[in-house]
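First up is the structure itself, then whatever we jot down about it.
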Number of protein chains: 2
Amino acid sequence: MEDGTLKSPGYVDSTTTDADFDVRHWDAREGCEVRQILDRVADKWSLLVIAMLDCESLRFSQLRREIDGVSQRMLSVTLRKLERDGLVSRTVHPVVPPRVDYALTPLGRTLHETIKALVTWTETHQQEIAEARAAYDARHGMMEA
Amino acid sequence: MEDGTLKSPGYVDSTTTDADFDVRHWDAREGCEVRQILDRVADKWSLLVIAMLDCESLRFSQLRREIDGVSQRMLSVTLRKLERDGLVSRTVHPVVPPRVDYALTPLGRTLHETIKALVTWTETHQQEIAEARAAYDARHGMMEA
DNA sequence: CAGTATCCGCTCTGATACTG
DNA sequence: CAGTATCAGAGCGGATACTG
C-alpha cells in the first residue's frame, strides 16, 4: 500500500521555477510528487491538525477533543502521515499513563504560513461564494422540478 | 444531494479576524462554511482547472486534453462546481458545432494567487519531505516484515 | 463538440473492539 | 491514555453509452 514515494527520492526536475509558474510542471502526471504532496497537505484533517498545532504542542486526546469532528482512527492516520512527512513531531513520555505530545516541526511551521493564506482567502470570500451559489441555484434549480 | 449551503447564506460570524487567526473559527463544525469551501478549493481537479485557466480561456476539450489525467465526467463535474462557486465563467457560443469557453472570473483569479503560494511551498519543500519519508520508513519499516 | 446518465469498483471514513 | 485491527457503509472517480 506504499504509494511508491521512495521510487524517486531526489527527483526535482530542475525546471522548478517560481517566477513564471508553468502549470505543466505540477499536473497530474504520475511522476509528479507535487500533486501527491498537495493532496496530503490539502487534506481535511491535515489542515486542521496543523492549524491546531500552530502555537502549542498537544496530546492525542487534546487534539481529538479540539478537532472533535475527527474519529480516533482518522486522527491517528493523519498524525502518522504528517509525522512521516516531517511536518509533525511525535514525543512519547515513558510515564505510567502513556503520554504523547505532538508538535509542528520547523518545516511544518512554514507550511502553516501558507495554509493560513488559503484559509484567509476562504474567510475573505465566503460571502461572495455563497452569493454566487445562490445565484447559480436560482438560475438552474428552478427549471427542473 | 444539496449540501445545504443555502441554509446560511449570509453567515459571517463577525469573529472573522485575519490578525490573530484563531483556529477555532474554521474547524469541522457543521455550520462552518470555510471548511466546506476549503475542501472544494483544495480539490485535486479544481486546482488543476484553475491553474490551466490562469492566462487564457479554454474550451472543454482543450481543458480535457491539457489536464488529460481527468475523465470527461470529472472535468464536467468540477467545472460545474467551480461555476456555481463563481470561480469560473461558462460562455456558450450558439454555433453549429457547439462551442463553450471557460475562463477564470475575477474571484477565481484571486484564488489562483493563493493556490500558487501553496504549490510553490510544495515545490520548494518536496525534497525535504521526500527525505523525511525515507527516514521515517527506515526507522519503522524495518522492524516488521 | 459538449455534455448528461448509469454502472461499478475502490478508497476513504466512522464505529466497534481489542492491546500496551 | 494512546493507539491498532477489522468491518461495513458512503462517496469519489472512471468507463461506457447516450443526447442536444
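Every chain in the C-alpha cells takes a letter, A first, then B, and so on in the order presented; its residues are numbered from 1, and the ligands are numbered from 1 following the presented order.
Once segment 41-50 of chain A and its same-chain neighbours fewer than 3 positions away are set aside, Leu38 and Leu53 of chain A; Ala42 of chain B remain within 6 Å of it when counting only C-alpha atoms (C1' of nucleotides).
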Practice problem: For chain B, report every residue with an atom at most 12 Å from chain D (counting only C-alpha atoms (C1' of nucleotides)), formatted as number ranges by chain. | Solution: B: 1, 43-45, 69-75, 77-78, 96-98
Can you check which parts of chain C lie within 12 Å of chain A? Per residue, the shortest pair of atoms and distance in Å to one decimal, counting only C-alpha atoms (C1' of nucleotides), sorted by chain and number, as a tab-separated table.
```
residue	atom	partner	partner_atom	distance
C:DT11	C1'	A:Met1	CA	11.8
C:DC12	C1'	A:Met74	CA	9.7
C:DT13	C1'	A:Met74	CA	7.3
C:DG14	C1'	A:Ser71	CA	6.6
C:DA15	C1'	A:Ser71	CA	9.1
C:DT16	C1'	A:Arg73	CA	11.3
C:DG20	C1'	A:Pro98	CA	9.4
```
What are the closest atom pairs, with distances in Å to one decimal, for each residue of chain A lying within 6 Å of chain B, using only C-alpha atoms, rows by chain and rising residue number, as JSON lines?
```
{"residue": "A:Pro9", "atom": "CA", "partner": "B:Ala130", "partner_atom": "CA", "distance": 5.8}
{"residue": "A:Ala28", "atom": "CA", "partner": "B:Gly69", "partner_atom": "CA", "distance": 5.8}
{"residue": "A:Ala42", "atom": "CA", "partner": "B:Ala42", "partner_atom": "CA", "distance": 5.7}
{"residue": "A:Gly69", "atom": "CA", "partner": "B:Ala28", "partner_atom": "CA", "distance": 5.7}
{"residue": "A:Arg84", "atom": "CA", "partner": "B:Arg133", "partner_atom": "CA", "distance": 5.1}
{"residue": "A:Asp85", "atom": "CA", "partner": "B:Ile129", "partner_atom": "CA", "distance": 5.1}
{"residue": "A:Gly86", "atom": "CA", "partner": "B:Ala132", "partner_atom": "CA", "distance": 5.1}
{"residue": "A:Thr114", "atom": "CA", "partner": "B:Leu118", "partner_atom": "CA", "distance": 5.9}
{"residue": "A:Leu118", "atom": "CA", "partner": "B:Thr114", "partner_atom": "CA", "distance": 5.9}
{"residue": "A:Ile129", "atom": "CA", "partner": "B:Asp85", "partner_atom": "CA", "distance": 5.1}
{"residue": "A:Ala130", "atom": "CA", "partner": "B:Pro9", "partner_atom": "CA", "distance": 5.8}
{"residue": "A:Ala132", "atom": "CA", "partner": "B:Gly86", "partner_atom": "CA", "distance": 5.1}
{"residue": "A:Arg133", "atom": "CA", "partner": "B:Arg84", "partner_atom": "CA", "distance": 5.1}
{"residue": "A:Tyr136", "atom": "CA", "partner": "B:Arg84", "partner_atom": "CA", "distance": 5.4}
```
Please produce a file of the residues just selected, as a short mmCIF file (atom, residue, chain, number, x, y, z; two decimals), in the first residue's frame, where the atoms kept are C-alpha atoms.
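Listed below is the output, again.cif:
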```cif
data_model
loop_
_atom_site.label_atom_id
_atom_site.label_comp_id
_atom_site.auth_asym_id
_atom_site.auth_seq_id
_atom_site.Cartn_x
_atom_site.Cartn_y
_atom_site.Cartn_z
CA PRO A 9 13.70 10.21 -3.81
CA ALA A 28 -1.46 15.03 -12.89
CA ALA A 42 -4.66 19.97 1.39
CA GLY A 69 -15.26 16.10 14.34
CA ARG A 84 6.20 10.64 8.12
CA ASP A 85 6.28 13.78 6.01
CA GLY A 86 8.34 15.52 8.66
CA THR A 114 0.91 29.10 3.53
CA LEU A 118 -5.53 29.84 1.86
CA ILE A 129 -19.10 32.36 -2.93
CA ALA A 130 -22.34 31.96 -1.04
CA ALA A 132 -22.56 33.01 -6.40
CA ARG A 133 -24.05 29.71 -5.33
CA TYR A 136 -26.46 29.75 -9.74
#
```
Practice problem: Compile the contact shell of Leu104 of chain A as a count of residues only: residues with an atom at most 6 Å away, counting only C-alpha atoms (C1' of nucleotides), same-chain residues fewer than 2 positions apart removed. | Solution: 4
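One distance worth recording is that between atom CA of Ser61 of chain B and atom CA of Val100 of chain B, which is 9.3 Å.
Here atom CA of Arg99 of chain A stands at a distance of 15.0 Å from atom CA of Leu79 of chain A.
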Exercise. Within segment 16-128 of chain B, find each residue whose DSSP state, derived from the backbone, is alpha helix (DSSP H), and express the selection as a ChimeraX atom specification.
Key: /B:33-41,44-52,60-67,72-84,106-128
